[in-house]
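Pasting model_31.pdb here (PDB, C-alpha atoms):
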```pdb
ATOM      1  CA  MET A   1     126.814 112.118 286.734
ATOM      2  CA  THR A   2     125.242 111.600 283.326
ATOM      3  CA  GLU A   3     123.495 108.346 284.084
ATOM      4  CA  SER A   4     121.358 108.557 280.977
ATOM      5  CA  ASN A   5     124.218 108.971 278.493
ATOM      6  CA  PRO A   6     123.534 106.363 275.809
ATOM      7  CA  TYR A   7     127.255 105.971 275.103
ATOM      8  CA  ARG A   8     128.114 104.757 278.581
ATOM      9  CA  ARG A   9     128.576 101.006 278.576
ATOM     10  CA  HIS A  10     126.872  99.140 281.385
ATOM     11  CA  HIS A  11     129.979  97.809 283.149
ATOM     12  CA  ASP A  12     131.581 101.274 283.204
ATOM     13  CA  MET A  13     129.787 102.320 286.390
ATOM     14  CA  GLY A  14     132.515 104.139 288.330
ATOM     15  CA  GLY A  15     131.058 106.974 290.410
ATOM     16  CA  PHE A  16     127.528 105.637 290.733
ATOM     17  CA  GLU A  17     125.758 104.955 293.997
ATOM     18  CA  ALA A  18     126.095 101.321 295.041
ATOM     19  CA  ASP A  19     125.586  98.975 297.951
ATOM     20  CA  PRO A  20     128.505  98.431 300.329
ATOM     21  CA  VAL A  21     131.123  95.963 299.097
ATOM     22  CA  ASP A  22     131.004  92.609 300.893
ATOM     23  CA  THR A  23     134.614  92.072 301.971
ATOM     24  CA  SER A  24     134.021  88.910 304.004
ATOM     25  CA  GLU A  25     136.053  85.860 303.015
ATOM     26  CA  HIS A  26     134.056  82.954 301.679
ATOM     27  CA  ASP A  27     134.925  79.536 300.285
ATOM     28  CA  LYS A  28     134.683  79.044 296.561
ATOM     29  CA  ALA A  29     132.405  76.314 295.284
ATOM     30  CA  PRO A  30     134.230  73.456 293.515
ATOM     31  CA  TRP A  31     132.883  74.552 290.110
ATOM     32  CA  GLU A  32     134.172  78.086 290.712
ATOM     33  CA  LYS A  33     137.651  76.725 291.407
ATOM     34  CA  ARG A  34     137.407  74.742 288.187
ATOM     35  CA  VAL A  35     136.535  77.886 286.208
ATOM     36  CA  ASP A  36     139.520  79.630 287.757
ATOM     37  CA  ALA A  37     141.784  76.696 286.851
ATOM     38  CA  LEU A  38     140.415  76.649 283.304
ATOM     39  CA  MET A  39     141.180  80.347 282.875
ATOM     40  CA  ARG A  40     144.753  79.852 284.112
ATOM     41  CA  LEU A  41     145.413  76.816 281.924
ATOM     42  CA  LEU A  42     144.009  78.465 278.791
ATOM     43  CA  SER A  43     146.134  81.569 279.354
ATOM     44  CA  ASP A  44     149.415  79.862 280.300
ATOM     45  CA  ASP A  45     152.574  80.266 278.207
ATOM     46  CA  GLU A  46     152.103  76.927 276.503
ATOM     47  CA  ARG A  47     148.521  77.498 275.290
ATOM     48  CA  GLN A  48     148.103  81.287 275.123
ATOM     49  CA  LEU A  49     144.467  80.858 274.091
ATOM     50  CA  LEU A  50     143.133  83.559 276.360
ATOM     51  CA  ARG A  51     144.356  86.839 277.759
ATOM     52  CA  VAL A  52     142.842  88.721 280.647
ATOM     53  CA  ASP A  53     142.037  91.600 278.269
ATOM     54  CA  GLU A  54     139.976  89.240 276.120
ATOM     55  CA  LEU A  55     138.192  87.837 279.150
ATOM     56  CA  ARG A  56     137.357  91.355 280.256
ATOM     57  CA  ARG A  57     136.144  92.312 276.767
ATOM     58  CA  ALA A  58     133.854  89.285 276.569
ATOM     59  CA  ILE A  59     132.426  90.051 280.025
ATOM     60  CA  GLU A  60     131.743  93.646 278.969
ATOM     61  CA  ASP A  61     129.948  92.328 275.890
ATOM     62  CA  LEU A  62     127.492  90.200 277.889
ATOM     63  CA  GLY A  63     124.913  92.983 277.867
ATOM     64  CA  PRO A  64     123.420  94.781 280.884
ATOM     65  CA  ASP A  65     120.799  92.192 281.801
ATOM     66  CA  VAL A  66     123.110  89.168 281.733
ATOM     67  CA  TYR A  67     125.956  91.145 283.316
ATOM     68  CA  ASP A  68     123.781  91.939 286.339
ATOM     69  CA  ARG A  69     122.221  88.485 286.619
ATOM     70  CA  LEU A  70     125.351  86.355 286.509
ATOM     71  CA  SER A  71     127.689  85.828 289.443
ATOM     72  CA  TYR A  72     131.400  86.592 289.187
ATOM     73  CA  TYR A  73     132.485  83.140 288.012
ATOM     74  CA  GLU A  74     129.409  82.707 285.842
ATOM     75  CA  ARG A  75     130.586  85.802 283.964
ATOM     76  CA  TRP A  76     134.028  84.242 283.614
ATOM     77  CA  MET A  77     132.526  80.992 282.333
ATOM     78  CA  SER A  78     130.363  82.783 279.769
ATOM     79  CA  ALA A  79     133.305  84.870 278.598
ATOM     80  CA  ILE A  80     135.675  81.892 278.345
ATOM     81  CA  THR A  81     133.040  80.010 276.329
ATOM     82  CA  GLN A  82     132.561  82.954 273.959
ATOM     83  CA  ILE A  83     136.290  83.296 273.314
ATOM     84  CA  MET A  84     136.818  79.549 272.798
ATOM     85  CA  LEU A  85     133.980  79.615 270.238
ATOM     86  CA  GLU A  86     135.532  82.631 268.494
ATOM     87  CA  LYS A  87     138.915  80.897 268.351
ATOM     88  CA  LYS A  88     137.338  77.668 267.099
ATOM     89  CA  VAL A  89     138.765  75.703 270.027
ATOM     90  CA  ILE A  90     135.248  74.365 270.507
ATOM     91  CA  GLY A  91     132.239  74.288 268.196
ATOM     92  CA  ALA A  92     128.697  75.320 269.145
ATOM     93  CA  THR A  93     127.117  71.966 268.308
ATOM     94  CA  GLU A  94     129.905  70.085 270.073
ATOM     95  CA  LEU A  95     129.348  72.260 273.143
ATOM     96  CA  GLY A  96     125.561  71.800 272.967
ATOM     97  CA  GLU A  97     125.899  68.024 272.749
ATOM     98  CA  ARG A  98     128.284  67.930 275.709
ATOM     99  CA  MET A  99     125.880  70.084 277.742
ATOM    100  CA  ALA A 100     122.988  67.759 276.871
ATOM    101  CA  ARG A 101     125.032  64.712 277.943
ATOM    102  CA  ILE A 102     125.859  66.332 281.266
ATOM    103  CA  ASP A 103     122.194  67.301 281.756
ATOM    104  CA  ALA A 104     121.153  63.709 281.094
ATOM    105  CA  ARG A 105     123.784  62.374 283.502
ATOM    106  CA  GLU A 106     122.657  64.769 286.235
ATOM    107  CA  GLN A 107     119.051  63.860 285.592
ATOM    108  CA  ALA A 108     119.861  60.160 285.891
ATOM    109  CA  ALA A 109     121.775  60.759 289.124
ATOM    110  CA  ARG A 110     118.796  62.587 290.592
ATOM    111  CA  ASN A 111     116.448  59.736 289.661
ATOM    112  CA  ASP A 112     118.630  57.052 291.248
TER     113      ASP A 112
ATOM    114  CA  MET B   1     155.387 105.421 269.313
ATOM    115  CA  THR B   2     157.031 104.718 272.634
ATOM    116  CA  ASN B   3     158.657 108.142 273.051
ATOM    117  CA  PRO B   4     156.338 109.921 275.506
ATOM    118  CA  VAL B   5     154.469 112.892 273.997
ATOM    119  CA  PHE B   6     153.651 114.338 277.428
ATOM    120  CA  ALA B   7     155.842 115.059 280.430
ATOM    121  CA  THR B   8     155.250 115.334 284.158
ATOM    122  CA  GLY B   9     153.366 118.559 284.886
ATOM    123  CA  ASP B  10     151.687 118.833 281.482
ATOM    124  CA  THR B  11     147.996 119.644 281.459
ATOM    125  CA  VAL B  12     146.044 117.163 279.409
ATOM    126  CA  ARG B  13     142.423 116.555 278.518
ATOM    127  CA  VAL B  14     140.972 113.094 278.115
ATOM    128  CA  LYS B  15     139.426 112.691 274.691
ATOM    129  CA  ALA B  16     135.625 112.629 274.772
ATOM    130  CA  LEU B  17     135.328 109.455 272.717
ATOM    131  CA  PHE B  18     132.623 106.851 273.228
ATOM    132  CA  PRO B  19     133.432 103.792 271.128
ATOM    133  CA  PRO B  20     131.479 100.600 271.717
ATOM    134  CA  GLY B  21     134.530  98.328 272.138
ATOM    135  CA  HIS B  22     136.869  97.485 275.015
ATOM    136  CA  VAL B  23     138.726 100.520 276.340
ATOM    137  CA  ARG B  24     140.584 101.229 279.592
ATOM    138  CA  THR B  25     139.464 104.828 279.965
ATOM    139  CA  PRO B  26     136.684 105.206 282.547
ATOM    140  CA  PHE B  27     133.565 106.910 281.249
ATOM    141  CA  TYR B  28     133.538 109.517 284.019
ATOM    142  CA  CYS B  29     136.920 111.030 283.080
ATOM    143  CA  ARG B  30     136.274 111.514 279.372
ATOM    144  CA  GLY B  31     136.424 115.153 278.347
ATOM    145  CA  LYS B  32     137.963 116.059 281.723
ATOM    146  CA  ARG B  33     141.166 117.945 282.351
ATOM    147  CA  GLY B  34     144.021 116.750 284.532
ATOM    148  CA  ARG B  35     147.751 116.949 285.008
ATOM    149  CA  VAL B  36     150.391 114.370 284.203
ATOM    150  CA  GLU B  37     151.767 113.140 287.534
ATOM    151  CA  ARG B  38     154.271 110.747 285.938
ATOM    152  CA  VAL B  39     155.135 108.920 282.767
ATOM    153  CA  ILE B  40     154.781 105.240 283.637
ATOM    154  CA  GLY B  41     156.111 103.785 280.404
ATOM    155  CA  PRO B  42     155.116 101.682 277.398
ATOM    156  CA  TYR B  43     152.633  98.803 277.648
ATOM    157  CA  PRO B  44     150.988  96.545 275.057
ATOM    158  CA  ASN B  45     147.843  98.214 273.751
ATOM    159  CA  PRO B  46     144.968  96.628 275.743
ATOM    160  CA  GLU B  47     142.439  97.622 273.080
ATOM    161  CA  GLN B  48     144.272  95.281 270.689
ATOM    162  CA  LEU B  49     144.916  92.563 273.285
ATOM    163  CA  ALA B  50     141.189  92.456 274.030
ATOM    164  CA  TYR B  51     140.487  91.267 270.484
ATOM    165  CA  GLY B  52     143.216  88.638 270.329
ATOM    166  CA  GLU B  53     146.085  90.637 268.789
ATOM    167  CA  ARG B  54     149.303  88.718 269.484
ATOM    168  CA  ALA B  55     151.669  91.530 268.466
ATOM    169  CA  PRO B  56     150.084  94.652 269.960
ATOM    170  CA  ASP B  57     151.535  98.156 269.630
ATOM    171  CA  ALA B  58     153.286  99.677 272.621
ATOM    172  CA  LEU B  59     151.428 102.625 274.139
ATOM    173  CA  VAL B  60     152.788 105.000 276.753
ATOM    174  CA  LEU B  61     150.816 104.886 279.982
ATOM    175  CA  TYR B  62     150.589 107.962 282.224
ATOM    176  CA  ARG B  63     149.372 108.590 285.702
ATOM    177  CA  VAL B  64     147.110 111.625 285.529
ATOM    178  CA  THR B  65     145.825 113.614 288.497
ATOM    179  CA  PHE B  66     142.330 115.106 288.324
ATOM    180  CA  PRO B  67     140.788 117.542 290.794
ATOM    181  CA  GLN B  68     137.737 115.715 292.198
ATOM    182  CA  GLY B  69     135.647 118.791 291.421
ATOM    183  CA  GLU B  70     136.602 118.454 287.748
ATOM    184  CA  LEU B  71     135.234 114.907 287.661
ATOM    185  CA  TRP B  72     132.052 115.292 289.704
ATOM    186  CA  ASP B  73     129.730 118.272 289.352
ATOM    187  CA  ASP B  74     128.276 117.672 292.812
ATOM    188  CA  TYR B  75     131.572 117.056 294.619
ATOM    189  CA  GLU B  76     131.351 118.425 298.139
ATOM    190  CA  GLY B  77     134.764 117.472 299.528
ATOM    191  CA  ASP B  78     137.848 119.642 299.857
ATOM    192  CA  SER B  79     138.817 121.542 296.707
ATOM    193  CA  SER B  80     142.347 120.127 296.986
ATOM    194  CA  ASP B  81     141.097 116.520 296.700
ATOM    195  CA  VAL B  82     142.364 114.697 293.630
ATOM    196  CA  LEU B  83     141.904 111.364 291.893
ATOM    197  CA  GLU B  84     144.729 109.594 290.076
ATOM    198  CA  LEU B  85     144.020 107.518 286.999
ATOM    199  CA  GLU B  86     146.287 105.571 284.683
ATOM    200  CA  LEU B  87     145.538 106.420 281.073
ATOM    201  CA  TYR B  88     147.052 105.601 277.713
ATOM    202  CA  GLU B  89     148.589 108.273 275.502
ATOM    203  CA  THR B  90     146.120 107.756 272.647
ATOM    204  CA  TRP B  91     143.335 108.994 274.941
ATOM    205  CA  LEU B  92     145.075 112.242 275.939
ATOM    206  CA  GLU B  93     145.532 115.619 274.278
ATOM    207  CA  GLN B  94     147.401 118.734 275.357
ATOM    208  CA  ASP B  95     145.269 121.397 277.036
ATOM    209  CA  GLU B  96     145.530 124.832 278.621
ATOM    210  CA  ASP B  97     147.159 124.809 282.040
ATOM    211  CA  ILE B  98     144.884 124.439 285.029
ATOM    212  CA  ALA B  99     144.944 127.648 287.042
TER     213      ALA B  99
END
```

Now, as a test, write the supplied structure out as structure tokens.
Amino acid sequence: MTESNPYRRHHDMGGFEADPVDTSEHDKAPWEKRVDALMRLLSDDERQLLRVDELRRAIEDLGPDVYDRLSYYERWMSAITQIMLEKKVIGATELGERMARIDAREQAARND
Amino acid sequence: MTNPVFATGDTVRVKALFPPGHVRTPFYCRGKRGRVERVIGPYPNPEQLAYGERAPDALVLYRVTFPQGELWDDYEGDSSDVLELELYETWLEQDEDIA
């Protein structure tokens, strides 16, 4: 296997040695269920803002370091965000301001 | 575009292309030779869908059988072992028959 081929993209790792796959069932965290719901709502017949092919493409474009570091639903969330920015459904500043508000709210909750 | 170019039994080689974008052809099969097991039929081109195309072209999808030894230089299993992959027509070209 030509592991060093510079043309191989990071996600395209079929055939490489890997750890055993964990097949145990586990509960999803509430935020993971929300990401799943978001994906389904954005891709439904009414909205058609996202297709699974686009989600996959955006995940592949995360880059090796981020791809390895993020969990499954974190990858989804990053990819959904990227595509909604591309399609101008959300704006970067708008998103940044919302994130800051949520940070502040969480901070306040912790200090209570 | 939706009339199949290849038929069951044809020997094909996967194009050795390495574009940076989204493709559905695994890296490890590129440049490798296999045999068409069946013509599956036309599907919307995923390489266009991945970039937001709402009216993608139809591409014929094939199931292609590869000898495991063709795919992996260090394959130690039985020489009759095969792997089946589903590949789009644009990634395949006709090749000499496998002996």

What are the closest atom pairs, with distances in Å to one decimal, for each residue of chain B lying within 8 Å of chain A, using all atoms listed in the file, rows by chain and rising residue number, as CSV?
```
residue,atom,partner,partner_atom,distance
B:Phe18,CA,A:Tyr7,CA,5.8
B:Pro19,CA,A:Tyr7,CA,7.7
B:Pro20,CA,A:Arg9,CA,7.5
B:Gly21,CA,A:Arg57,CA,7.8
B:His22,CA,A:Arg57,CA,5.5
B:Pro26,CA,A:Asp12,CA,6.5
B:Phe27,CA,A:Asp12,CA,6.3
B:Tyr28,CA,A:Gly14,CA,7.0
B:Pro46,CA,A:Asp53,CA,6.3
B:Glu47,CA,A:Asp53,CA,8.0
B:Leu49,CA,A:Asp53,CA,5.8
B:Ala50,CA,A:Glu54,CA,4.0
B:Tyr51,CA,A:Glu54,CA,6.0
B:Gly52,CA,A:Glu54,CA,6.7
B:Trp72,CA,A:Met1,CA,6.8
B:Asp73,CA,A:Met1,CA,7.3
```

Can you list, as a compact mmCIF listing (two decimals) with C-alpha atoms, keeping the file's coordinate frame, every protein, DNA or RNA residue that comes within 6 Å of Tyr88 of chain B when you count all atoms listed in the file, leaving out same-chain residues fewer than 2 positions away?
```
# COMPACT_ATOMS: atom_id res chain seq x y z
CA VAL B 60 152.79 105.00 276.75
CA LEU B 61 150.82 104.89 279.98
CA THR B 90 146.12 107.76 272.65
CA TRP B 91 143.34 108.99 274.94
```

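For the atom pair formed by atom CA of Gly9 of chain B and atom CA of Val23 of chain B, the distance is 24.8 Å, given to one decimal.
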
Taking (129.1, 78.1, 283.4) in the coordinates of the supplied file, I want to know which residues reach to within 12 Å of it, counting only C-alpha atoms; could you give the answer as a PyMOL selection string?
chain A and resi 31-36+38+70-82+95+99

Evaluate the PyMOL selection byres ((chain B and resi 32) around 6) and report residues as a ChimeraX atom specification
/B:13-14,29-31,33

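Closest approach to Glu70 of chain B among B:Leu85, B:Lys15, B:Gly34, B:Glu93: B:Gly34, based on all atoms listed in the file.
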
Expected selection from the PyMOL selection byres ((chain B and resi 86) around 10), given as a CSV table (one decimal) with C-alpha atoms, keeping the file's coordinate frame:
```csv
chain,number,residue,atom,x,y,z
B,24,ARG,CA,140.6,101.2,279.6
B,25,THR,CA,139.5,104.8,280.0
B,26,PRO,CA,136.7,105.2,282.5
B,36,VAL,CA,150.4,114.4,284.2
B,37,GLU,CA,151.8,113.1,287.5
B,38,ARG,CA,154.3,110.7,285.9
B,39,VAL,CA,155.1,108.9,282.8
B,40,ILE,CA,154.8,105.2,283.6
B,61,LEU,CA,150.8,104.9,280.0
B,62,TYR,CA,150.6,108.0,282.2
B,63,ARG,CA,149.4,108.6,285.7
B,64,VAL,CA,147.1,111.6,285.5
B,65,THR,CA,145.8,113.6,288.5
B,84,GLU,CA,144.7,109.6,290.1
B,85,LEU,CA,144.0,107.5,287.0
B,87,LEU,CA,145.5,106.4,281.1
B,88,TYR,CA,147.1,105.6,277.7
B,89,GLU,CA,148.6,108.3,275.5
```

Please determine an axis-aligned box that encloses all atoms of segment 72-91 of chain B listed in the file, with 6 Å added on each side, and express its centre and edge lengths in Å to one decimal as JSON.
```
{"center_x": 138.4, "center_y": 113.6, "center_z": 286.3, "size_x": 32.3, "size_y": 28.0, "size_z": 39.2}
```

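Atom pair atom CA of Thr2 of chain B / atom CA of Asp44 of chain A: separated by 27.1 Å.
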
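Note that atom CA of Asp97 of chain B and atom CA of Val12 of chain B are 8.2 Å apart.
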
For Ser79 of chain B: contacts at 9 Å, all atoms listed in the file, fewer than 3 positions along chain excluded, given as number ranges by chain:
B: 67-69, 75-76, 82
